[in-house]
Structure formats: structure tokens, C-alpha cells
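Asks: input.cif (mmCIF, C-alpha atoms) pasted underneath:
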```cif
data_structure
loop_
_atom_site.group_PDB
_atom_site.id
_atom_site.type_symbol
_atom_site.label_atom_id
_atom_site.label_comp_id
_atom_site.auth_asym_id
_atom_site.auth_seq_id
_atom_site.Cartn_x
_atom_site.Cartn_y
_atom_site.Cartn_z
ATOM 1 C CA MET L 1 6.364 1.265 12.527
ATOM 2 C CA ALA L 2 3.429 0.809 14.860
ATOM 3 C CA ASP L 3 1.233 -2.228 14.216
ATOM 4 C CA ASP L 4 -1.935 -0.266 14.950
ATOM 5 C CA ARG L 5 -1.475 2.239 12.103
ATOM 6 C CA HIS L 6 -2.145 1.907 8.420
ATOM 7 C CA LEU L 7 0.934 1.418 6.254
ATOM 8 C CA ALA L 8 0.916 3.547 3.098
ATOM 9 C CA LEU L 9 3.176 2.829 0.146
ATOM 10 C CA ILE L 10 4.001 5.921 -1.880
ATOM 11 C CA GLY L 11 6.333 6.521 -4.797
ATOM 12 C CA PRO L 12 6.502 7.066 -8.532
ATOM 13 C CA MET L 13 4.534 5.040 -11.054
ATOM 14 C CA GLY L 14 6.214 1.743 -11.750
ATOM 15 C CA ALA L 15 7.778 1.525 -8.276
ATOM 16 C CA GLY L 16 5.690 -1.555 -7.493
ATOM 17 C CA LYS L 17 3.272 -0.121 -4.956
ATOM 18 C CA SER L 18 0.413 -2.382 -6.056
ATOM 19 C CA SER L 19 2.313 -5.644 -6.475
ATOM 20 C CA ILE L 20 4.581 -5.152 -3.459
ATOM 21 C CA GLY L 21 1.606 -3.882 -1.442
ATOM 22 C CA ARG L 22 -0.378 -7.100 -1.981
ATOM 23 C CA LEU L 23 2.585 -9.276 -1.035
ATOM 24 C CA LEU L 24 3.548 -7.109 1.920
ATOM 25 C CA ALA L 25 -0.023 -7.206 3.236
ATOM 26 C CA GLN L 26 0.063 -11.018 3.133
ATOM 27 C CA ALA L 27 3.368 -11.076 5.007
ATOM 28 C CA LEU L 28 2.053 -8.653 7.641
ATOM 29 C CA GLN L 29 -1.328 -10.432 7.812
ATOM 30 C CA ARG L 30 -3.274 -7.340 6.815
ATOM 31 C CA ASP L 31 -5.696 -6.491 4.070
ATOM 32 C CA CYS L 32 -4.350 -4.473 1.168
ATOM 33 C CA VAL L 33 -6.239 -1.619 -0.434
ATOM 34 C CA ASP L 34 -5.046 -0.434 -3.824
ATOM 35 C CA LEU L 35 -6.464 3.083 -4.135
ATOM 36 C CA ASP L 36 -6.551 2.987 -7.933
ATOM 37 C CA GLN L 37 -8.537 -0.259 -7.871
ATOM 38 C CA LEU L 38 -10.893 1.186 -5.256
ATOM 39 C CA ILE L 39 -11.450 4.291 -7.394
ATOM 40 C CA GLU L 40 -12.138 2.167 -10.475
ATOM 41 C CA ALA L 41 -14.586 -0.056 -8.584
ATOM 42 C CA GLU L 42 -16.485 2.892 -7.131
ATOM 43 C CA ALA L 43 -16.545 4.779 -10.457
ATOM 44 C CA GLY L 44 -17.371 1.764 -12.582
ATOM 45 C CA ALA L 45 -14.671 2.944 -14.985
ATOM 46 C CA ASP L 46 -10.936 2.572 -15.401
ATOM 47 C CA ILE L 47 -8.485 5.328 -14.546
ATOM 48 C CA ALA L 48 -7.906 6.207 -18.204
ATOM 49 C CA LEU L 49 -11.626 6.819 -18.768
ATOM 50 C CA ILE L 50 -11.909 8.850 -15.560
ATOM 51 C CA PHE L 51 -9.034 11.051 -16.773
ATOM 52 C CA GLU L 52 -10.678 11.374 -20.176
ATOM 53 C CA LEU L 53 -14.098 12.344 -18.810
ATOM 54 C CA GLU L 54 -13.167 14.283 -15.654
ATOM 55 C CA GLY L 55 -9.584 15.340 -16.252
ATOM 56 C CA GLU L 56 -6.776 15.003 -13.755
ATOM 57 C CA ASP L 57 -8.569 17.265 -11.239
ATOM 58 C CA GLY L 58 -11.624 15.011 -11.264
ATOM 59 C CA PHE L 59 -9.448 11.966 -10.735
ATOM 60 C CA ARG L 60 -7.552 13.680 -7.898
ATOM 61 C CA ASP L 61 -10.885 14.517 -6.222
ATOM 62 C CA ARG L 62 -11.838 10.836 -6.339
ATOM 63 C CA GLU L 63 -8.384 9.871 -5.089
ATOM 64 C CA SER L 64 -8.637 12.213 -2.092
ATOM 65 C CA ARG L 65 -12.052 10.816 -1.151
ATOM 66 C CA ALA L 66 -10.810 7.228 -1.472
ATOM 67 C CA LEU L 67 -7.778 7.958 0.696
ATOM 68 C CA ALA L 68 -9.904 9.538 3.432
ATOM 69 C CA GLN L 69 -12.323 6.605 3.273
ATOM 70 C CA VAL L 70 -9.563 4.003 3.714
ATOM 71 C CA LEU L 71 -7.703 5.919 6.416
ATOM 72 C CA ALA L 72 -10.962 6.123 8.412
ATOM 73 C CA LEU L 73 -11.053 2.317 8.690
ATOM 74 C CA THR L 74 -10.118 1.102 12.161
ATOM 75 C CA GLU L 75 -8.379 -2.133 11.131
ATOM 76 C CA PRO L 76 -4.861 -1.269 9.881
ATOM 77 C CA ARG L 77 -4.369 -1.851 6.161
ATOM 78 C CA VAL L 78 -1.520 -1.745 3.688
ATOM 79 C CA ILE L 79 -2.492 1.016 1.261
ATOM 80 C CA ALA L 80 -1.017 1.132 -2.235
ATOM 81 C CA CYS L 81 -1.290 4.802 -3.155
ATOM 82 C CA GLY L 82 -1.151 6.241 -6.639
ATOM 83 C CA GLY L 83 2.011 8.081 -7.587
ATOM 84 C CA GLY L 84 0.264 11.461 -7.527
ATOM 85 C CA ILE L 85 -1.342 11.109 -4.086
ATOM 86 C CA VAL L 86 1.263 13.526 -2.734
ATOM 87 C CA VAL L 87 0.359 16.461 -4.977
ATOM 88 C CA ARG L 88 -2.475 17.629 -2.723
ATOM 89 C CA PRO L 89 -1.581 19.065 0.690
ATOM 90 C CA GLU L 90 -4.706 17.555 2.274
ATOM 91 C CA ASN L 91 -3.614 14.067 1.199
ATOM 92 C CA ARG L 92 -0.155 14.589 2.657
ATOM 93 C CA ALA L 93 -1.698 15.754 5.940
ATOM 94 C CA LEU L 94 -4.029 12.733 6.090
ATOM 95 C CA LEU L 95 -1.200 10.310 5.378
ATOM 96 C CA ARG L 96 1.031 11.925 7.983
ATOM 97 C CA ALA L 97 -1.708 11.782 10.624
ATOM 98 C CA HIS L 98 -2.984 8.245 10.017
ATOM 99 C CA ALA L 99 -0.276 6.044 8.503
ATOM 100 C CA GLY L 100 3.276 4.905 8.611
ATOM 101 C CA ILE L 101 4.675 5.765 5.194
ATOM 102 C CA VAL L 102 7.109 3.787 3.065
ATOM 103 C CA LEU L 103 8.525 5.406 -0.048
ATOM 104 C CA LEU L 104 9.279 2.819 -2.709
ATOM 105 C CA SER L 105 12.105 4.467 -4.610
ATOM 106 C CA ILE L 106 12.967 3.829 -8.234
ATOM 107 C CA SER L 107 15.076 5.618 -10.831
ATOM 108 C CA VAL L 108 13.697 7.039 -14.067
ATOM 109 C CA ASP L 109 15.738 4.445 -15.992
ATOM 110 C CA GLU L 110 14.085 1.656 -13.983
ATOM 111 C CA GLN L 111 10.675 3.243 -14.546
ATOM 112 C CA MET L 112 11.325 3.344 -18.284
ATOM 113 C CA GLN L 113 12.102 -0.382 -18.265
ATOM 114 C CA ARG L 114 9.093 -1.349 -16.149
ATOM 115 C CA LEU L 115 6.637 0.880 -17.992
ATOM 116 C CA ALA L 116 7.935 0.242 -21.532
ATOM 117 C CA ARG L 117 4.856 -1.736 -22.608
ATOM 118 C CA ASP L 118 2.319 0.032 -20.386
ATOM 119 C CA ARG L 119 -0.146 2.001 -22.514
ATOM 120 C CA GLN L 120 -2.820 2.497 -19.836
ATOM 121 C CA ARG L 121 -1.393 5.272 -17.674
ATOM 122 C CA PRO L 122 -2.948 8.601 -18.630
ATOM 123 C CA LEU L 123 0.059 10.707 -17.660
ATOM 124 C CA LEU L 124 2.286 8.656 -19.967
ATOM 125 C CA GLN L 125 0.187 9.278 -23.081
ATOM 126 C CA VAL L 126 2.854 11.675 -24.328
ATOM 127 C CA GLN L 127 5.489 11.570 -27.036
ATOM 128 C CA ASP L 128 8.505 11.736 -24.693
ATOM 129 C CA ARG L 129 7.814 9.420 -21.762
ATOM 130 C CA ARG L 130 11.259 9.917 -20.204
ATOM 131 C CA GLN L 131 10.800 13.685 -20.154
ATOM 132 C CA GLU L 132 7.386 13.239 -18.493
ATOM 133 C CA LEU L 133 8.798 10.873 -15.857
ATOM 134 C CA VAL L 134 11.593 13.345 -15.109
ATOM 135 C CA ARG L 135 9.036 16.166 -14.830
ATOM 136 C CA LEU L 136 6.867 14.151 -12.451
ATOM 137 C CA ALA L 137 9.907 13.227 -10.356
ATOM 138 C CA ARG L 138 10.898 16.886 -10.035
ATOM 139 C CA GLU L 139 7.342 17.836 -9.099
ATOM 140 C CA ARG L 140 6.789 15.072 -6.538
ATOM 141 C CA GLN L 141 10.129 13.912 -5.091
ATOM 142 C CA ALA L 142 10.329 16.534 -2.332
ATOM 143 C CA HIS L 143 6.841 15.513 -1.155
ATOM 144 C CA TYR L 144 7.784 11.825 -1.212
ATOM 145 C CA ASN L 145 10.916 12.503 0.818
ATOM 146 C CA GLU L 146 9.102 14.755 3.297
ATOM 147 C CA LEU L 147 6.457 12.113 4.024
ATOM 148 C CA ALA L 148 8.587 8.976 4.120
ATOM 149 C CA ASP L 149 9.166 7.262 7.444
ATOM 150 C CA LEU L 150 11.223 4.721 5.520
ATOM 151 C CA VAL L 151 12.706 4.805 2.008
ATOM 152 C CA TRP L 152 12.932 1.374 0.400
ATOM 153 C CA PRO L 153 14.555 0.695 -2.993
ATOM 154 C CA SER L 154 12.190 -1.179 -5.288
ATOM 155 C CA GLY L 155 13.923 -0.950 -8.647
ATOM 156 C CA GLN L 156 15.964 -4.139 -8.398
ATOM 157 C CA GLY L 157 14.549 -7.541 -7.586
ATOM 158 C CA ARG L 158 11.251 -9.317 -7.907
ATOM 159 C CA PRO L 159 8.252 -7.947 -5.976
ATOM 160 C CA ALA L 160 8.076 -11.040 -3.736
ATOM 161 C CA TRP L 161 11.706 -10.633 -2.685
ATOM 162 C CA ILE L 162 11.319 -6.890 -2.112
ATOM 163 C CA ALA L 163 8.124 -7.396 -0.092
ATOM 164 C CA ALA L 164 9.724 -10.122 2.048
ATOM 165 C CA ARG L 165 12.758 -7.933 2.874
ATOM 166 C CA LEU L 166 10.505 -4.974 3.596
ATOM 167 C CA ALA L 167 8.276 -7.073 5.874
ATOM 168 C CA GLU L 168 11.373 -8.193 7.782
ATOM 169 C CA ARG L 169 12.522 -4.601 8.177
ATOM 170 C CA LEU L 170 9.103 -3.400 9.312
ATOM 171 C CA SER L 171 8.957 -6.173 11.905
ATOM 172 C CA GLN L 172 12.196 -5.017 13.516
ATOM 173 C CA PRO L 173 12.379 -2.323 16.196
ATOM 174 C CA ALA L 174 13.208 1.084 14.754
ATOM 175 C CA THR L 175 16.946 1.659 14.620
ATOM 176 C CA GLY L 176 17.184 4.744 12.464
ATOM 177 C CA ALA L 177 19.487 2.843 10.117
ATOM 178 C CA PRO L 178 18.721 2.917 6.394
ATOM 179 C CA PRO L 179 17.631 -0.322 4.679
#
```
Go through the file and emit its structure as C-alpha cells.
Replies:
Amino acid sequence: MADDRHLALIGPMGAGKSSIGRLLAQALQRDCVDLDQLIEAEAGADIALIFELEGEDGFRDRESRALAQVLALTEPRVIACGGGIVVRPENRALLRAHAGIVLLSISVDEQMQRLARDRQRPLLQVQDRRQELVRLARERQAHYNELADLVWPSGQGRPAWIAARLAERLSQPATGAPP
């Protein structure tokens, strides 16, 4: 992927976008912007409180503004996107126009393991977490696949190892071969 473009990491919650994004940015000698952290900093509130006060639509409005703000920066960044960034057509169009896009893929079983103790994510405040993860996957997977310039498995291995392999792959000329 071109060095002069932003690199956006997309994928389901628990795929490692934030942790892999930070490590990948270091390897590529870029700054990393975690959109959720940016939203929290600008709102002065955590994501759960934003969802509580403004609902999902209010959060998605903030997310769209944050994405546009980061993509307008001239220095290429690694951008760790939230799992739902793909639900709005305008976000997909912005990503397509301004970033190389890596889909960090993960199975629902792997998500269940990684998110077992996580009680902060608003969309997982339901009785049947597996059912919700399956629903979100059905709703979002086609968008993830449509946007991805590269699909990279993130369910197995430590974030540092995954980020190092991904950095190696991104540094190679495009071959069209899968990872």
C-alpha cells in the first residue's frame, strides 16, 4: 500500500485494531490515531457514557466527524477504527478515498474469548453476547470485505507478533497473494 496514504484498520470488536494499530504504527514509523480514544478525549466522556446520553446515532455522528478530521491530516497515520465505522456509507466512501484499508479478521469464537471479561462495550451489554456478535458480523461483514485492500487474520497470536508480520507484508510490493 502506498506510503503517502493513511492506513485504516477495520474489523469486528476484539480483532485488535487498537493494540495492533499502536504497534504497527511504531513499526511503520507513523503516528497512530485510535478513533475511539479521540472521540472520548474530544467528548470528555467514555464511549459507554456517550452511548447512554446520545444513543448509538449520537456516537456514530461523533465517529464520522472524527474520521473526517483524521483523514484530512496530511501526514499519513495508522488509524484504528471502531468496529461500526463501516455502517455509514459516508464513512466507507471517506475510507475508500483516503486510506489503504486492512481488515483484521477474527471469528466469533475468538471474539468471545477476547471479550469475555470486557464489560465496557455498549453493544455487548446484552444477555446473549454470542448472538449479538453473530448479528453484528452479519450486518457488517459485507462492508468489511468490500472495503478491505488486505485481509489479515488477527485471532491467533500476540498483537506484537501480528503487527510485525503485518508490517513486513505492508512493506513488500503488492503481489495479489493472500497473507
Asks: Could you list the residues chosen by the PyMOL selection byres ((chain L and resi 151) around 6) in this structure as a PyMOL selection string?
Replies: chain L and resi 102-103+150+152
Asks: Enter the distance from CA of Arg60 (chain L) to CA of Asp109 (chain L), in Å, rounded to one decimal.
Replies: 26.3 Å
Asks: Rank nothing, just name the residue among L:Arg92, L:Arg77, L:Arg65, L:Arg158 nearest to Ala15 (chain L), using only C-alpha atoms.
Replies: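 For Ala15 (chain L), the nearest of the candidates is L:Arg158.
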Asks: Check which residues satisfy the PyMOL selection byres ((chain L and resi 39) around 10) in the file shown, then give them as a PyMOL selection string.
Replies: chain L and resi 34-38+40-47+50+59+62-67
Asks: Could you tell me which of L:Val108, L:Ala25, L:Leu49, L:Ala72 comes closest to Ala167 (chain L) if we count only C-alpha atoms?
Replies: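 Of L:Val108, L:Ala25, L:Leu49, L:Ala72, the one nearest Ala167 (chain L) is L:Ala25, counting only C-alpha atoms.
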Asks: What separation in Å, quoted to one decimal, exists between CA of Leu95 (chain L) and CA of Gln141 (chain L)?
Replies: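 Pair CA of Leu95 (chain L) / CA of Gln141 (chain L) returns 15.8 Å.
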Asks: I'd like to know which of L:Gln120, L:Ser154, L:Ser171, L:Gln69 is closest to His98 (chain L), using only C-alpha atoms.
Replies: L:Gln69
Asks: Using CA of Arg129 (chain L) and CA of Pro159 (chain L) as the two end points, give the distance in Å to one decimal.
Replies: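 Interatomic distance here is 23.5 Å.
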Asks: With all atoms listed in the file as the counted atoms, please give the residues lying no more than 7 Å from Ala8 (chain L), apart from itself and same-chain residues fewer than 2 positions off, as a CSV table (one decimal) with C-alpha atoms, in the frame of the given file.
Replies:
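selection-v5.csv was written with the following content:
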```
chain,number,residue,atom,x,y,z
L,6,HIS,CA,-2.1,1.9,8.4
L,10,ILE,CA,4.0,5.9,-1.9
L,78,VAL,CA,-1.5,-1.7,3.7
L,79,ILE,CA,-2.5,1.0,1.3
L,80,ALA,CA,-1.0,1.1,-2.2
L,81,CYS,CA,-1.3,4.8,-3.2
L,99,ALA,CA,-0.3,6.0,8.5
L,100,GLY,CA,3.3,4.9,8.6
L,101,ILE,CA,4.7,5.8,5.2
L,102,VAL,CA,7.1,3.8,3.1
```
Asks: Using all atoms listed in the file, pick whichever of L:Ile85, L:Met112, L:Leu23, L:Ala164 has the shortest atom-to-atom distance to Gly11 (chain L).
Replies: L:Ile85
Asks: For the file shown, report as a list in words the outcome of the PyMOL selection byres ((chain L and resi 136) around 12) at residue level.
Replies: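 Evaluating the PyMOL selection byres ((chain L and resi 136) around 12) on these coordinates yields Gly11, Pro12, Met13, Gly83, Gly84, Val86, Val87, Ser107, Val108, Gln111, Leu123, Leu124, Arg129, Arg130, Gln131, Glu132, Leu133, Val134, Arg135, Ala137, Arg138, Glu139, Arg140, Gln141, Ala142, His143 and Tyr144 of chain L.
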Asks: Tell me which of L:Arg5, L:Arg88, L:Arg114, L:Arg169 sits closest to Leu73 (chain L), counting all atoms listed in the file.
Replies: L:Arg5
Asks: Find the residue from L:Val33, L:Leu7, L:Ala148, L:Leu28 that sits nearest to Ser105 (chain L); use all atoms listed in the file when measuring.
Replies: L:Ala148
Asks: Could you work out an axis-aligned bounding box for all listed atoms of region 154-162 of chain L, with 4 Å added on each of the six sides, and give its centre and edge lengths in Å to one decimal, as JSON?
Replies:
```
{"center_x": 12.0, "center_y": -6.0, "center_z": -5.4, "size_x": 15.9, "size_y": 18.1, "size_z": 14.5}
```
